[in-house]
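Raw contents of final_20.txt, compact mmCIF, C-alpha atoms:
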# COMPACT_ATOMS: atom_id res chain seq x y z
CA MET A 590 -9.05 -150.05 45.39
CA ALA A 591 -7.48 -153.49 45.06
CA ASP A 592 -4.77 -152.03 42.80
CA LYS A 593 -3.91 -149.43 45.46
CA LYS A 594 -3.54 -152.14 48.10
CA LYS A 595 -1.26 -154.14 45.79
CA ARG A 596 0.93 -151.10 45.14
CA ARG A 597 1.06 -150.31 48.85
CA LYS A 598 2.01 -153.91 49.63
CA ALA A 599 4.74 -153.89 46.95
CA THR A 600 6.15 -150.64 48.27
CA ASN A 601 6.11 -151.91 51.85
CA SER A 602 7.96 -155.10 50.85
CA GLU A 603 10.76 -152.93 49.42
CA ASP A 604 11.27 -151.42 52.86
CA GLU A 605 11.38 -154.76 54.73
CA ASP A 606 14.10 -157.41 54.93
CA SER A 607 13.60 -161.18 54.61
CA ASP A 608 12.45 -161.38 58.25
CA GLY A 609 9.84 -158.69 57.72
CA GLN A 610 11.85 -156.14 59.73
CA ARG A 611 11.63 -152.49 58.71
CA VAL A 612 14.71 -151.21 56.82
CA GLN A 613 15.64 -147.76 55.55
CA PRO A 614 13.25 -146.73 52.73
CA PHE A 615 14.55 -147.44 49.21
CA LYS A 616 17.76 -149.07 50.47
CA LYS A 617 16.91 -152.21 48.51
CA ARG A 618 17.01 -150.20 45.28
CA LEU A 619 20.70 -149.50 45.69
CA LYS A 620 23.06 -151.28 43.32
CA GLN A 621 26.65 -152.16 44.10
CA ASP A 622 28.99 -149.20 44.62
CA THR A 623 31.02 -150.26 41.57
CA VAL A 624 27.98 -149.62 39.34
CA ILE A 625 27.46 -146.14 40.83
CA LEU A 626 31.17 -145.32 40.55
CA SER A 627 31.14 -146.36 36.91
CA SER A 628 28.40 -143.81 36.07
CA LEU A 629 30.23 -141.13 38.08
CA ARG A 630 33.41 -141.77 36.07
CA LYS A 631 31.43 -141.27 32.86
CA LEU A 632 30.11 -137.93 34.18
CA THR A 633 33.63 -136.79 35.11
CA GLU A 634 35.03 -137.89 31.74
CA SER A 635 32.29 -136.00 29.88
CA ILE A 636 33.05 -132.83 31.87
CA ARG A 637 36.77 -133.12 31.14
CA SER A 638 36.09 -133.91 27.49
CA ASP A 639 33.94 -130.79 27.13
CA GLU A 640 36.54 -128.60 28.84
CA SER A 641 39.46 -130.04 26.86
CA THR A 642 37.96 -128.89 23.57
CA ASP A 643 39.23 -125.52 22.42
CA LYS A 644 36.09 -123.65 23.40
CA LYS A 645 36.86 -120.01 24.13
CA THR A 646 35.35 -118.67 27.34
CA LEU A 647 32.93 -115.91 26.41
CA THR A 648 33.55 -112.43 27.78
CA LEU A 649 31.61 -109.18 27.82
CA SER A 650 33.71 -107.98 24.87
CA ASP A 651 32.69 -111.01 22.79
CA LEU A 652 29.05 -110.06 23.34
CA ASP A 653 29.65 -106.32 22.67
CA LEU A 654 28.70 -105.54 26.27
CA SER A 655 32.04 -104.14 27.49
CA SER A 656 30.88 -100.55 26.84
CA THR A 657 27.60 -100.95 28.72
CA CYS A 658 28.71 -103.26 31.54
CA ARG A 659 31.72 -103.26 33.83
CA GLU A 660 33.93 -105.96 35.31
CA VAL A 661 36.94 -105.85 37.57
CA ALA A 662 40.26 -107.65 37.28
CA ASP A 663 42.91 -109.04 39.60
CA LEU A 664 45.53 -106.32 40.06
CA ASN A 665 48.87 -106.50 41.85
CA LEU A 666 49.56 -104.18 44.78
CA SER A 667 51.58 -101.67 42.79
CA SER A 668 48.72 -101.32 40.27
CA VAL A 669 46.18 -100.77 43.08
CA GLN A 670 48.51 -98.23 44.68
CA ASP A 671 48.90 -96.38 41.36
CA ALA A 672 45.13 -96.33 40.81
CA ILE A 673 44.53 -94.83 44.29
CA GLU A 674 47.26 -92.21 43.79
CA ARG A 675 45.86 -91.18 40.38
CA LEU A 676 42.40 -90.84 41.93
CA VAL A 677 43.77 -88.68 44.79
CA ILE A 678 45.63 -86.45 42.31
CA ARG A 679 42.38 -85.86 40.37
CA ILE A 680 40.59 -85.00 43.63
CA THR A 681 43.38 -82.61 44.64
CA GLN A 682 43.24 -80.83 41.27
CA SER A 683 39.46 -80.53 41.57
CA ILE A 684 39.78 -78.96 45.05
CA LEU A 685 42.52 -76.53 43.95
CA SER A 686 40.38 -75.42 41.00
CA GLY A 687 37.60 -74.49 43.44
CA SER A 688 35.24 -77.26 42.31
CA GLY A 689 35.38 -79.21 45.55
CA PHE A 690 35.50 -82.96 45.15
CA SER A 691 33.27 -85.94 44.60
CA PHE A 692 33.56 -89.63 43.78
CA ASP A 693 31.99 -91.17 40.70
CA VAL A 694 30.78 -94.46 42.19
CA PRO A 695 29.34 -97.37 40.17
CA ALA A 696 25.71 -97.96 41.16
CA ARG A 697 25.23 -101.45 42.58
CA GLY A 698 21.45 -101.43 43.09
CA ASN A 699 19.05 -103.95 41.51
CA ALA A 700 18.24 -101.61 38.63
CA ASN A 701 21.87 -101.67 37.52
CA GLN A 702 22.15 -105.47 37.34
CA LEU A 703 21.91 -107.58 34.19
CA TYR A 704 21.68 -111.34 33.78
CA VAL A 705 23.52 -112.43 30.64
CA PRO A 706 22.23 -115.86 29.49
CA GLN A 707 25.27 -116.53 27.28
CA LEU A 708 27.54 -116.10 30.31
CA ASP A 709 24.99 -117.57 32.75
CA ARG A 710 25.86 -114.98 35.37
CA ILE A 711 24.81 -111.58 36.68
CA VAL A 712 26.93 -108.59 35.64
CA LEU A 713 26.98 -104.93 36.64
CA LYS A 714 25.85 -102.30 34.15
CA ASP A 715 27.79 -99.06 33.69
CA LYS A 716 25.50 -96.60 35.50
CA THR A 717 27.29 -94.48 38.14
CA SER A 718 26.21 -92.03 40.82
CA LEU A 719 27.99 -88.91 42.05
CA ARG A 720 29.06 -88.84 45.70
CA PRO A 721 29.95 -85.17 46.43
CA TYR A 722 31.60 -84.05 49.66
CA ALA A 723 29.73 -80.72 49.70
CA ASN A 724 26.32 -82.32 50.15
CA VAL A 725 24.64 -83.04 53.47
CA SER A 726 23.17 -86.38 52.28
CA THR A 727 26.47 -87.76 50.99
CA VAL A 728 29.20 -86.04 53.04
CA ARG A 729 29.53 -88.89 55.54
CA LYS A 730 29.72 -91.62 52.92
CA THR A 731 32.25 -89.57 50.95
CA THR A 732 34.36 -89.27 54.10
CA ILE A 733 34.17 -93.05 54.66
CA THR A 734 35.19 -93.64 51.03
CA THR A 735 38.22 -91.38 51.44
CA ARG A 736 39.21 -93.13 54.66
CA ILE A 737 38.91 -96.61 53.07
CA LEU A 738 41.10 -95.47 50.16
CA GLN A 739 43.71 -94.22 52.65
CA LEU A 740 43.69 -97.52 54.58
CA VAL A 741 43.96 -99.65 51.42
CA HIS A 742 46.88 -97.48 50.28
CA GLN A 743 48.63 -98.26 53.59
CA LEU A 744 48.10 -101.98 53.01
CA CYS A 745 49.68 -101.67 49.57
CA LEU A 746 52.73 -99.90 51.02
CA LYS A 747 53.16 -102.46 53.83
CA ASN A 748 52.22 -105.48 51.66
CA ILE A 749 50.04 -107.04 54.38
CA HIS A 750 46.52 -108.52 54.58
CA VAL A 751 43.85 -107.52 57.09
CA THR A 752 40.30 -108.75 57.70
CA LYS A 753 37.22 -106.63 57.11
CA ARG A 754 36.80 -106.57 60.89
CA ASP A 755 40.33 -105.16 61.33
CA LEU A 756 39.47 -102.46 58.82
CA PHE A 757 36.32 -101.53 60.72
CA TYR A 758 38.19 -101.16 64.03
CA THR A 759 40.67 -98.66 62.58
CA ASP A 760 37.97 -95.98 62.77
CA VAL A 761 34.90 -97.19 64.68
CA LYS A 762 33.71 -93.64 65.37
CA LEU A 763 33.50 -92.87 61.66
CA PHE A 764 32.25 -96.23 60.37
CA GLN A 765 29.81 -96.83 63.28
CA ASP A 766 28.79 -100.20 61.84
CA GLN A 767 30.84 -102.79 59.93
CA ALA A 768 28.13 -103.10 57.29
CA GLN A 769 28.91 -99.51 56.27
CA SER A 770 32.65 -100.02 55.90
CA ASP A 771 32.04 -103.34 54.08
CA ALA A 772 29.69 -101.68 51.57
CA VAL A 773 32.12 -98.84 50.85
CA LEU A 774 34.94 -101.37 50.45
CA ASP A 775 32.96 -102.92 47.56
CA ASP A 776 32.41 -99.42 46.14
CA VAL A 777 36.16 -98.78 46.25
CA SER A 778 36.82 -102.08 44.52
CA CYS A 779 34.44 -101.06 41.71
CA MET A 780 35.93 -97.58 41.43
CA LEU A 781 39.48 -98.89 41.12
CA GLY A 782 38.47 -101.68 38.73
CA CYS A 783 40.01 -104.46 40.84
CA THR A 784 38.75 -107.50 42.73
CA ARG A 785 38.20 -107.12 46.45
CA SER A 786 41.01 -109.58 47.18
CA SER A 787 43.36 -107.26 45.25
CA LEU A 788 42.82 -104.72 48.05
CA ASN A 789 44.40 -107.16 50.56
CA VAL A 790 41.25 -107.05 52.67
CA VAL A 791 39.77 -110.47 53.38
CA ALA A 792 36.88 -111.92 55.37
CA ALA A 793 37.51 -114.14 58.38
CA GLU A 794 37.80 -117.87 57.65
CA LYS A 795 34.37 -119.44 57.24
CA GLY A 796 34.31 -122.19 54.62
CA ILE A 797 35.78 -125.67 55.16
CA VAL A 798 36.85 -128.49 52.85
CA VAL A 799 37.47 -132.20 53.41
CA GLY A 800 38.02 -135.20 51.17
CA ARG A 801 40.11 -136.24 48.22
CA ILE A 802 42.21 -133.16 47.58
CA ILE A 803 45.78 -132.11 48.33
CA PHE A 804 46.88 -128.50 47.87
CA SER A 805 49.55 -126.11 49.04
CA ASP A 806 48.63 -123.34 51.46
CA ASN A 807 51.35 -120.71 51.58
CA GLY A 808 53.93 -123.41 50.78
CA ASP A 809 52.60 -126.07 53.19
CA MET A 810 51.08 -129.19 51.59
CA ILE A 811 47.62 -129.98 52.99
CA ASP A 812 46.04 -133.44 52.64
CA CYS A 813 42.31 -133.02 53.24
CA THR A 814 41.76 -136.75 53.82
CA LYS A 815 43.73 -136.35 57.06
CA MET A 816 41.88 -133.38 58.49
CA GLY A 817 39.41 -135.32 60.64
CA MET A 818 35.76 -134.28 60.94
CA GLY A 819 36.59 -130.60 61.17
CA GLY A 820 38.22 -130.43 57.75
CA LYS A 821 40.54 -127.69 56.55
CA ALA A 822 39.52 -124.05 56.80
CA ILE A 823 39.49 -122.46 53.36
CA PRO A 824 42.21 -119.77 53.28
CA PRO A 825 40.72 -116.26 53.13
CA ASN A 826 43.32 -115.08 50.59
CA ILE A 827 43.11 -117.51 47.69
CA ASP A 828 46.47 -116.43 46.23
CA ARG A 829 48.08 -118.64 48.93
CA VAL A 830 46.50 -121.75 47.39
CA GLY A 831 48.18 -123.78 44.65
CA ASP A 832 49.35 -127.21 43.41
CA MET A 833 45.89 -128.81 43.58
CA GLN A 834 45.89 -132.60 43.19
CA SER A 835 42.92 -134.95 43.42
CA ASP A 836 41.61 -138.40 42.49
CA ALA A 837 38.01 -137.33 43.22
CA LEU A 838 35.18 -137.96 40.76
CA PHE A 839 33.11 -134.94 41.80
CA ILE A 840 32.83 -131.99 44.17
CA LEU A 841 29.94 -132.09 46.66
CA LEU A 842 28.86 -128.58 47.61
CA VAL A 843 26.90 -128.61 50.89
CA GLU A 844 24.82 -125.73 52.23
CA LYS A 845 24.95 -126.50 55.94
CA ASP A 846 27.52 -127.38 58.54
CA ALA A 847 25.34 -130.15 60.07
CA ALA A 848 25.08 -132.07 56.78
CA TYR A 849 28.79 -131.51 56.16
CA MET A 850 29.65 -133.04 59.57
CA ARG A 851 27.56 -136.14 58.80
CA LEU A 852 29.36 -136.59 55.48
CA ALA A 853 32.79 -135.98 57.01
CA GLU A 854 32.28 -138.30 60.00
CA ASP A 855 30.98 -141.11 57.74
CA ARG A 856 33.94 -140.48 55.40
CA PHE A 857 31.57 -140.40 52.44
CA TYR A 858 34.50 -139.23 50.32
CA ASN A 859 36.18 -142.65 50.68
CA ARG A 860 33.15 -144.64 49.54
CA PHE A 861 32.49 -142.26 46.65
CA PRO A 862 35.72 -140.33 45.90
CA CYS A 863 34.80 -136.69 46.19
CA ILE A 864 35.71 -133.33 47.70
CA ILE A 865 33.18 -131.95 50.21
CA VAL A 866 33.00 -128.20 50.72
CA THR A 867 30.68 -125.90 52.66
CA ALA A 868 30.46 -122.22 53.52
CA LYS A 869 28.10 -122.99 56.44
CA GLY A 870 25.20 -121.08 54.91
CA GLN A 871 25.48 -117.93 52.84
CA PRO A 872 28.58 -118.33 50.64
CA ASP A 873 31.55 -116.09 51.41
CA VAL A 874 34.03 -114.80 48.85
CA ALA A 875 36.85 -117.17 49.84
CA THR A 876 34.66 -120.29 49.45
CA ARG A 877 33.34 -119.08 46.10
CA LEU A 878 36.87 -118.42 44.85
CA PHE A 879 38.10 -121.79 46.15
CA LEU A 880 35.22 -123.65 44.47
CA LYS A 881 35.90 -121.87 41.17
CA LYS A 882 39.60 -122.73 41.43
CA MET A 883 38.87 -126.42 42.12
CA LYS A 884 36.39 -126.64 39.24
CA THR A 885 38.78 -124.93 36.83
CA GLU A 886 41.99 -126.75 37.77
CA LEU A 887 40.63 -130.23 38.55
CA LYS A 888 37.89 -130.21 35.89
CA LEU A 889 35.33 -131.95 38.10
CA PRO A 890 31.51 -131.82 38.12
CA VAL A 891 29.98 -129.92 41.05
CA LEU A 892 26.86 -131.38 42.71
CA ALA A 893 24.96 -129.29 45.26
CA LEU A 894 23.12 -130.41 48.40
CA VAL A 895 20.93 -127.65 49.86
CA ASP A 896 17.73 -127.30 51.88
CA SER A 897 14.42 -127.61 50.05
CA ASP A 898 13.42 -123.98 50.50
CA PRO A 899 13.78 -120.75 48.48
CA TYR A 900 16.92 -119.77 50.40
CA GLY A 901 18.64 -123.07 49.56
CA LEU A 902 18.09 -122.38 45.87
CA LYS A 903 19.18 -118.78 46.38
CA ILE A 904 22.47 -119.95 47.90
CA LEU A 905 22.96 -122.35 44.99
CA SER A 906 22.36 -119.51 42.52
CA VAL A 907 24.97 -117.31 44.24
CA TYR A 908 27.61 -120.00 43.65
CA GLY A 909 26.47 -120.52 40.05
CA CYS A 910 25.31 -117.14 38.72
CA GLY A 911 26.69 -114.69 41.29
CA SER A 912 25.18 -112.27 43.77
CA LYS A 913 23.80 -108.87 42.90
CA ASN A 914 25.88 -107.32 45.65
CA MET A 915 29.13 -108.45 43.99
CA SER A 916 28.05 -108.67 40.36
CA TYR A 917 31.03 -106.49 39.41
CA ASP A 918 33.29 -109.50 40.14
CA SER A 919 31.03 -112.30 38.88
CA ALA A 920 33.62 -113.49 36.34
CA ASN A 921 35.93 -114.55 39.20
CA LEU A 922 33.34 -115.63 41.76
CA THR A 923 30.92 -117.83 39.80
CA THR A 924 31.24 -121.55 39.10
CA PRO A 925 29.30 -122.57 35.98
CA ASP A 926 27.20 -125.71 35.53
CA ILE A 927 26.54 -126.61 39.18
CA LYS A 928 24.07 -129.49 39.29
CA TRP A 929 21.24 -129.42 41.85
CA LEU A 930 21.37 -132.86 43.48
CA GLY A 931 18.98 -132.27 46.39
CA VAL A 932 17.08 -131.82 48.56
CA ARG A 933 14.48 -130.86 45.95
CA PRO A 934 10.76 -130.22 46.56
CA SER A 935 9.85 -133.31 44.50
CA ASP A 936 12.02 -135.41 46.85
CA LEU A 937 9.64 -134.83 49.75
CA ASP A 938 7.04 -137.18 48.26
CA LYS A 939 9.48 -139.30 46.29
CA TYR A 940 11.41 -140.25 49.44
CA LYS A 941 8.32 -140.24 51.67
CA ILE A 942 9.56 -137.54 54.02
CA PRO A 943 7.13 -137.68 57.00
CA GLU A 944 4.65 -134.83 57.27
CA GLN A 945 5.94 -133.87 60.72
CA CYS A 946 9.39 -133.26 59.17
CA ARG A 947 8.02 -130.88 56.56
CA LEU A 948 7.72 -127.25 57.55
CA PRO A 949 4.99 -124.83 56.41
CA MET A 950 6.37 -121.97 54.33
CA THR A 951 5.91 -118.49 55.80
CA GLU A 952 4.43 -115.65 53.77
CA GLN A 953 7.97 -114.31 53.33
CA ASP A 954 9.13 -117.74 52.09
CA ILE A 955 6.33 -117.83 49.51
CA LYS A 956 7.08 -114.27 48.39
CA THR A 957 10.79 -115.13 48.02
CA GLY A 958 9.89 -118.23 46.00
CA LYS A 959 7.58 -116.26 43.69
CA ASP A 960 10.21 -113.52 43.26
CA MET A 961 12.79 -116.14 42.30
CA LEU A 962 10.45 -117.52 39.65
CA GLU A 963 10.67 -114.09 38.00
CA GLU A 964 14.47 -114.16 37.88
CA ASP A 965 15.98 -114.75 34.44
CA PHE A 966 18.58 -117.21 35.75
CA VAL A 967 15.76 -119.39 37.15
CA LYS A 968 13.61 -119.15 34.00
CA LYS A 969 16.53 -120.42 31.95
CA ASN A 970 16.41 -123.80 33.73
CA SER A 971 13.02 -125.50 33.27
CA GLY A 972 13.85 -128.03 36.00
CA TRP A 973 14.41 -125.26 38.52
CA VAL A 974 11.10 -123.64 37.47
CA ASP A 975 9.19 -126.92 37.96
CA GLU A 976 10.71 -127.55 41.39
CA LEU A 977 10.22 -123.99 42.63
CA THR A 978 6.64 -123.94 41.30
CA LEU A 979 5.93 -127.18 43.19
CA MET A 980 7.39 -125.69 46.37
CA VAL A 981 5.24 -122.55 46.15
CA LYS A 982 2.14 -124.62 45.29
CA THR A 983 2.48 -127.08 48.19
CA LYS A 984 3.72 -124.36 50.57
CA GLN A 985 6.06 -126.90 52.14
CA LYS A 986 9.79 -126.78 52.78
CA ALA A 987 12.27 -129.15 54.42
CA GLU A 988 15.81 -129.11 55.69
CA ILE A 989 18.46 -131.66 54.73
CA GLN A 990 18.18 -132.96 58.31
CA ALA A 991 14.60 -134.14 57.62
CA LEU A 992 16.24 -137.24 56.11
CA SER A 993 17.45 -138.13 59.61
CA SER A 994 13.88 -139.25 60.39
CA PHE A 995 14.87 -142.52 58.65
CA GLY A 996 18.13 -142.80 60.61
CA PHE A 997 21.07 -140.53 61.33
CA GLN A 998 23.09 -142.01 58.45
CA TYR A 999 20.28 -142.20 55.87
CA LEU A 1000 21.81 -139.23 54.04
CA THR A 1001 25.13 -141.00 53.43
CA GLU A 1002 23.92 -144.61 53.26
CA VAL A 1003 20.81 -144.33 51.06
CA TYR A 1004 19.75 -140.87 49.87
CA LEU A 1005 22.97 -139.65 48.25
CA PRO A 1006 24.07 -143.06 46.86
CA LEU A 1007 20.62 -143.51 45.28
CA LYS A 1008 20.69 -139.99 43.86
CA LEU A 1009 24.11 -140.69 42.31
CA GLN A 1010 22.99 -144.09 41.02
CA GLN A 1011 19.93 -142.59 39.31
CA GLU A 1012 21.94 -139.58 38.08
CA ASP A 1013 19.10 -137.57 39.59
CA TRP A 1014 20.32 -133.99 39.32
CA LEU A 1015 19.28 -130.83 37.48
What is this structure when it is put down as structure tokens?
Amino acid sequence: MADKKKRRKATNSEDEDSDGQRVQPFKKRLKQDTVILSSLRKLTESIRSDESTDKKTLTLSDLDLSSTCREVADLNLSSVQDAIERLVIRITQSILSGSGFSFDVPARGNANQLYVPQLDRIVLKDKTSLRPYANVSTVRKTTITTRILQLVHQLCLKNIHVTKRDLFYTDVKLFQDQAQSDAVLDDVSCMLGCTRSSLNVVAAEKGIVVGRIIFSDNGDMIDCTKMGMGGKAIPPNIDRVGDMQSDALFILLVEKDAAYMRLAEDRFYNRFPCIIVTAKGQPDVATRLFLKKMKTELKLPVLALVDSDPYGLKILSVYGCGSKNMSYDSANLTTPDIKWLGVRPSDLDKYKIPEQCRLPMTEQDIKTGKDMLEEDFVKKNSGWVDELTLMVKTKQKAEIQALSSFGFQYLTEVYLPLKLQQEDWL
């Protein structure tokens, strides 16, 4: 009992200044910024050293999986146009021969997905399904597929980009809901063997970036240290982006807009040279492509800050291993070796997050957590398994904003600096 009191007294003294006034928890453990920056430089140098060695990037062919799995490639407009025209000629011949017509569409359901540990990403297997026009259950989807092919062909001829929303509004009566035209657009991408961006159809701007990076956007040089709190919107068509320059030591990937705003307003990237990027929740294609491009060209470590809940880890896994919905393009969309910085389930007790700031997990949360524990990409990382197991066991979750209970700037002044100092990432 006496030992417990001593420990409690020692812990309390850490959180008080010389006058006995309460200070931010663990702030006294922080070393000088120069010490933290020194360890960050070592991390960056080790990443660059690893990537400078002549290690060949593994492909499906190297693993003898090219015959059983499929991947798409970046194609220029003339190649996409040729692929559509060849497909239409085959359909025409089939109709003239009296066989009607159908599309052979790659199946993108869960059963046709495969996690490849050597690549550390999800890929699409080669199973396909027939989508005949002369069938009541598939006639509408076949019609939508034909219409999408026609619209993409027009884009190739005109050499212009449109958003997915623009595409939907070209034929609202047929598509009825944008989710339907979006899904068929991915089917078309798979059928033609090209990335979705090769179709010149992009999503509306969503992701933003701020911090120590300069790049060209369609010929204009953008300095992201001079973008204010709002940052620079990530261009929806990544082919506009080039000439990346940076003196950053790492990339900080943030799940939520609120945490991003705190980091941007406090100019965290000046104290610890970094590039801060967010997709404001579920990652979009443009942000995933931009992150991959930064990681590849700048050769920087990527540290992730997400909520301590199953969906935070799910978002992190989409950036790192890919999504099942777009597994056909995982080679272009995934960023390997993202390190989970926080907020982790073990942090709730470690940083003494108040009970009132912790949220009870719903039954759906617990189910999602247990389902993730069965995923191969989670099993591969023992640290992820331990953290997720702890989350499911305690049935508690917390948002990044729970750190604000110690002060609005606790995230930037104590939590993240201490995490970086201790090299506390998975």
Review point. Which polymer residues have any atom within 10 Å of an atom of Lys716 (chain A), counting only C-alpha atoms, with same-chain residues fewer than 3 positions away left out, as an MDAnalysis selection string?
Key: chainID A and resid 657:659 693:698 700:702 713
Exercise for review: Using all atoms listed in the file, determine which residues lie at most 6 Å from region 774-788 of chain A, disregarding the query and same-chain residues fewer than 5 positions distant; provide the list as a list in words.
Suggested key: Val661, Ala662, Asp663 and Leu664 of chain A
Selection file, C-alpha atoms, as a PDB file, in the frame of the given file:
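What ended up in result15.pdb:
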ATOM      1  CA  VAL A 661      36.940-105.850  37.570  1.00  0.00           C
ATOM      2  CA  ALA A 662      40.260-107.650  37.280  1.00  0.00           C
ATOM      3  CA  ASP A 663      42.910-109.040  39.600  1.00  0.00           C
ATOM      4  CA  LEU A 664      45.530-106.320  40.060  1.00  0.00           C
TER       5      LEU A 664
END
Check your understanding: Could you state the separation of CA of Ile625 (chain A) and CA of Leu1009 (chain A) in Å, given to one decimal place?
Key -> 6.6 Å
**Study point:** Non-local contacts of region 896-913 of chain A (8 Å; all atoms listed in the file; under 3 positions in same chain excluded) as a PyMOL selection string
**Key:** chain A and resi 697-699+702+709-712+844+870-872+877+893+916+919+922-927+929+931-934+954+957-958+961+966+977+980+986-989
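Atom pair CA of Val874 (chain A) / CA of Lys845 (chain A) has a distance of 16.4 Å (rounded to one decimal).
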Generate the coordinates of N, CA, C and O atoms for region 779-794 of chain A; report them as a short mmCIF file (atom, residue, chain, number, x, y, z; two decimals), in the coordinates of the input.
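Final output, selection23.cif:
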data_model
loop_
_atom_site.label_atom_id
_atom_site.label_comp_id
_atom_site.auth_asym_id
_atom_site.auth_seq_id
_atom_site.Cartn_x
_atom_site.Cartn_y
_atom_site.Cartn_z
N CYS A 779 35.04 -101.42 43.01
CA CYS A 779 34.44 -101.06 41.71
C CYS A 779 35.12 -99.84 41.09
O CYS A 779 35.41 -99.81 39.90
N MET A 780 35.33 -98.83 41.91
CA MET A 780 35.93 -97.58 41.43
C MET A 780 37.32 -97.81 40.86
O MET A 780 37.69 -97.23 39.83
N LEU A 781 38.10 -98.65 41.54
CA LEU A 781 39.48 -98.89 41.12
C LEU A 781 39.58 -99.95 40.01
O LEU A 781 40.65 -100.12 39.42
N GLY A 782 38.47 -100.66 39.78
CA GLY A 782 38.47 -101.68 38.73
C GLY A 782 39.23 -102.94 39.10
O GLY A 782 39.76 -103.64 38.23
N CYS A 783 39.28 -103.26 40.39
CA CYS A 783 40.01 -104.46 40.84
C CYS A 783 39.11 -105.33 41.71
O CYS A 783 38.11 -104.86 42.25
N THR A 784 39.49 -106.60 41.85
CA THR A 784 38.75 -107.50 42.73
C THR A 784 38.97 -107.08 44.18
O THR A 784 39.95 -106.41 44.49
N ARG A 785 38.06 -107.51 45.04
CA ARG A 785 38.20 -107.12 46.45
C ARG A 785 39.45 -107.74 47.07
O ARG A 785 40.09 -107.12 47.93
N SER A 786 39.80 -108.95 46.64
CA SER A 786 41.01 -109.58 47.18
C SER A 786 42.27 -108.83 46.78
O SER A 786 43.29 -108.92 47.46
N SER A 787 42.21 -108.06 45.67
CA SER A 787 43.36 -107.26 45.25
C SER A 787 43.66 -106.14 46.24
O SER A 787 44.76 -105.59 46.26
N LEU A 788 42.65 -105.79 47.06
CA LEU A 788 42.82 -104.72 48.05
C LEU A 788 43.51 -105.22 49.32
O LEU A 788 43.77 -104.43 50.23
N ASN A 789 43.78 -106.53 49.38
CA ASN A 789 44.40 -107.16 50.56
C ASN A 789 43.52 -107.10 51.80
O ASN A 789 44.02 -107.14 52.93
N VAL A 790 42.21 -106.99 51.56
CA VAL A 790 41.25 -107.05 52.67
C VAL A 790 40.43 -108.32 52.49
O VAL A 790 39.82 -108.53 51.44
N VAL A 791 40.45 -109.18 53.50
CA VAL A 791 39.77 -110.47 53.38
C VAL A 791 38.75 -110.63 54.51
O VAL A 791 38.80 -109.92 55.51
N ALA A 792 37.83 -111.59 54.30
CA ALA A 792 36.88 -111.92 55.37
C ALA A 792 37.51 -112.97 56.27
O ALA A 792 38.46 -113.65 55.88
N ALA A 793 37.01 -113.10 57.47
CA ALA A 793 37.51 -114.14 58.38
C ALA A 793 37.20 -115.51 57.80
O ALA A 793 36.25 -115.67 57.03
N GLU A 794 38.01 -116.52 58.16
CA GLU A 794 37.80 -117.87 57.65
C GLU A 794 36.41 -118.37 58.01
O GLU A 794 35.96 -118.25 59.14
#
